[in-house]
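A.B. asks: Below: one structure in structure tokens.
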Amino acid sequence: MTYEVYKPKTEQDLTISISKNHLTLNKKLASKLNMSHVELAYDQLTKTIRIKPTVNDKGLTVNKNKIGARGFLKHFKIQCKGKYCTTFDENENALYIRL
């Protein structure tokens, strides 16, 4: 018999969960960005979501670690629910999610 070893995911990964109404950041990611309002953008060619903190109070509110993104997801017809790994660009201070 051959056995496969189970390796649970850890909170060390920068992950985000996408549901019907929200983008939920894991604790490590939320503490790394440390933001209260964000700007969401979507590149339809590469199917990539960009999350960027805003300087002023314009944009979507981050409540604890959730971003209410129902309108954004509907507008771009994004139906990719699940957990995704993210990349953080320190130069742009932006987070990228490849769907």
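So you can find residues: chains in the structure tokens are A, B, ... in the order shown, residues in each start at 1, and ligands are numbered from 1 in order.
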DSSP on the backbone: which residues in chain A end up as strand (DSSP E)? Give the answer as a VMD selection string.

C.D. replies: chain A and resid 15 to 18 22 to 25 37 to 43 48 to 53 60 to 63 66 to 68 82 to 89 94 to 98

A.B. asks: Give me the residues within 12 Å of Lys20 in chain A as a ChimeraX atom specification, counting only C-alpha atoms and dropping any in the same chain fewer than 2 places off.

C.D. replies: /A:17-18,22-24,67-74,77-82

A.B. asks: Keeping only C-alpha atoms, write the selected residues as a PDB file, in the first residue's frame.

C.D. replies:
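again-v1.pdb was written with the following content:
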ATOM      1  CA  SER A  17     -12.047  33.630   0.560  1.00  0.00           C
ATOM      2  CA  ILE A  18     -14.598  34.742  -1.998  1.00  0.00           C
ATOM      3  CA  HIS A  22     -17.864  39.173   0.620  1.00  0.00           C
ATOM      4  CA  LEU A  23     -14.124  38.967   0.252  1.00  0.00           C
ATOM      5  CA  THR A  24     -12.743  37.612   3.529  1.00  0.00           C
ATOM      6  CA  ILE A  67     -14.980  43.469   2.495  1.00  0.00           C
ATOM      7  CA  GLY A  68     -18.601  43.797   1.401  1.00  0.00           C
ATOM      8  CA  ALA A  69     -18.185  43.276  -2.331  1.00  0.00           C
ATOM      9  CA  ARG A  70     -21.603  42.177  -3.568  1.00  0.00           C
ATOM     10  CA  GLY A  71     -21.944  45.037  -6.076  1.00  0.00           C
ATOM     11  CA  PHE A  72     -18.377  44.569  -7.327  1.00  0.00           C
ATOM     12  CA  LEU A  73     -18.827  40.819  -7.844  1.00  0.00           C
ATOM     13  CA  LYS A  74     -22.175  41.333  -9.623  1.00  0.00           C
ATOM     14  CA  LYS A  77     -20.005  38.778 -13.106  1.00  0.00           C
ATOM     15  CA  ILE A  78     -17.448  37.076 -10.863  1.00  0.00           C
ATOM     16  CA  GLN A  79     -18.790  33.739  -9.652  1.00  0.00           C
ATOM     17  CA  CYS A  80     -15.540  32.120  -8.523  1.00  0.00           C
ATOM     18  CA  LYS A  81     -16.324  31.146  -4.948  1.00  0.00           C
ATOM     19  CA  GLY A  82     -13.665  29.554  -2.768  1.00  0.00           C
TER      20      GLY A  82
END

A.B. asks: If I take CA of Asn63 in chain A and CA of Asn93 in chain A, how far is one from the other in Å, to one decimal?

C.D. replies: 19.4 Å

A.B. asks: Residues at most 8 Å from Thr15 in chain A, counting only C-alpha atoms, excluding those fewer than 2 positions away in the same chain, as JSON, numbers by chain?

C.D. replies: {"A": [13, 17, 25, 26, 29, 83, 84, 85, 86]}

A.B. asks: May I ask for the distance between CA of Ser31 in chain A and CA of Asp43 in chain A, given in Å to one decimal place?

C.D. replies: 25.4 Å

A.B. asks: Which residue gives the smallest distance to Gly59 in chain A among A:Ala30, A:Ile97, A:Leu40, A:Met35, with only C-alpha atoms counted?

C.D. replies: A:Leu40

A.B. asks: Hey, what does DSSP flag as alpha helix (DSSP H) within chain A? Can you give it to me as a ChimeraX atom specification?

C.D. replies: /A:27-33,70-75

A.B. asks: Generate the output file for the selected residues, C-alpha atoms, as an mmCIF file, in the first residue's frame.

C.D. replies:
data_model
loop_
_atom_site.group_PDB
_atom_site.id
_atom_site.type_symbol
_atom_site.label_atom_id
_atom_site.label_comp_id
_atom_site.auth_asym_id
_atom_site.auth_seq_id
_atom_site.Cartn_x
_atom_site.Cartn_y
_atom_site.Cartn_z
ATOM 1 C CA LYS A 27 -5.803 37.105 9.871
ATOM 2 C CA LYS A 28 -2.250 37.367 8.558
ATOM 3 C CA LEU A 29 -3.358 39.169 5.423
ATOM 4 C CA ALA A 30 -5.651 41.561 7.313
ATOM 5 C CA SER A 31 -2.853 42.517 9.706
ATOM 6 C CA LYS A 32 -0.390 42.988 6.829
ATOM 7 C CA LEU A 33 -2.608 45.450 4.976
ATOM 8 C CA ARG A 70 -21.603 42.177 -3.568
ATOM 9 C CA GLY A 71 -21.944 45.037 -6.076
ATOM 10 C CA PHE A 72 -18.377 44.569 -7.327
ATOM 11 C CA LEU A 73 -18.827 40.819 -7.844
ATOM 12 C CA LYS A 74 -22.175 41.333 -9.623
ATOM 13 C CA HIS A 75 -20.877 44.145 -11.838
#

A.B. asks: Between A:Arg98, A:Lys52, A:Lys58, A:Lys47, which has the minimum distance to Asn34 in chain A (counting only C-alpha atoms)?

C.D. replies: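 Of A:Arg98, A:Lys52, A:Lys58, A:Lys47, the one nearest Asn34 in chain A, counting only C-alpha atoms, is A:Lys52.
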
A.B. asks: Take CA of Asn21 in chain A and CA of Ser36 in chain A and report the distance between them in Å, one decimal.

C.D. replies: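 CA of Asn21 in chain A sits 18.0 Å away from CA of Ser36 in chain A.
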
A.B. asks: Find the spatial neighbours of Ala94 in chain A, counting only C-alpha atoms, within a cut-off of 7 Å - ignore same-chain residues fewer than 4 positions away - and output them as a ChimeraX atom specification.

C.D. replies: /A:50-52,88-90

A.B. asks: Those same residues, written as an mmCIF file, in the first residue's frame with C-alpha atoms?

C.D. replies:
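Listing of out17.cif after writing:
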data_model
loop_
_atom_site.group_PDB
_atom_site.id
_atom_site.type_symbol
_atom_site.label_atom_id
_atom_site.label_comp_id
_atom_site.auth_asym_id
_atom_site.auth_seq_id
_atom_site.Cartn_x
_atom_site.Cartn_y
_atom_site.Cartn_z
ATOM 1 C CA ARG A 50 -6.660 44.087 -7.205
ATOM 2 C CA ILE A 51 -7.276 45.286 -3.661
ATOM 3 C CA LYS A 52 -5.602 48.561 -2.786
ATOM 4 C CA PHE A 88 1.272 41.266 -2.320
ATOM 5 C CA ASP A 89 3.149 43.950 -4.262
ATOM 6 C CA GLU A 90 4.953 46.161 -1.754
#

A.B. asks: Go through A:Asn65, A:Thr2, A:Thr46, A:Thr87 and flag the residue nearest Leu99 in chain A, using only C-alpha atoms for the distances.

C.D. replies: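 Comparing A:Asn65, A:Thr2, A:Thr46, A:Thr87 against Leu99 in chain A, the winner is A:Thr46.
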
A.B. asks: So that I can see what lies close to Ile49 in chain A, please list as a ChimeraX atom specification the residues with an atom at most 6 Å from it, counting only C-alpha atoms and leaving out residues fewer than 4 positions away in the same chain.

C.D. replies: /A:41-42,96-97

A.B. asks: Take the residues from that selection and put them in a file with N, CA and C atoms, as a PDB file, in the first residue's frame.

C.D. replies:
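Wrote it out as result.pdb, contents follow:
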ATOM      1  N   ALA A  41     -10.500  46.596  -7.978  1.00  0.00           N
ATOM      2  CA  ALA A  41     -10.409  46.702  -9.431  1.00  0.00           C
ATOM      3  C   ALA A  41     -10.305  45.293 -10.003  1.00  0.00           C
ATOM      4  N   TYR A  42     -10.720  45.144 -11.264  1.00  0.00           N
ATOM      5  CA  TYR A  42     -10.718  43.823 -11.895  1.00  0.00           C
ATOM      6  C   TYR A  42     -10.169  43.923 -13.314  1.00  0.00           C
ATOM      7  N   TYR A  96      -3.091  41.166  -5.055  1.00  0.00           N
ATOM      8  CA  TYR A  96      -3.611  40.622  -6.300  1.00  0.00           C
ATOM      9  C   TYR A  96      -4.116  39.193  -6.093  1.00  0.00           C
ATOM     10  N   ILE A  97      -5.317  38.928  -6.627  1.00  0.00           N
ATOM     11  CA  ILE A  97      -5.921  37.606  -6.539  1.00  0.00           C
ATOM     12  C   ILE A  97      -6.166  37.122  -7.954  1.00  0.00           C
TER      13      ILE A  97
END

A.B. asks: Between A:Asn56, A:Thr61, A:Ser19, A:Thr48, which is the closest to Leu95 in chain A once you count only C-alpha atoms?

C.D. replies: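 Selected residue with least distance to Leu95 in chain A: A:Thr48.
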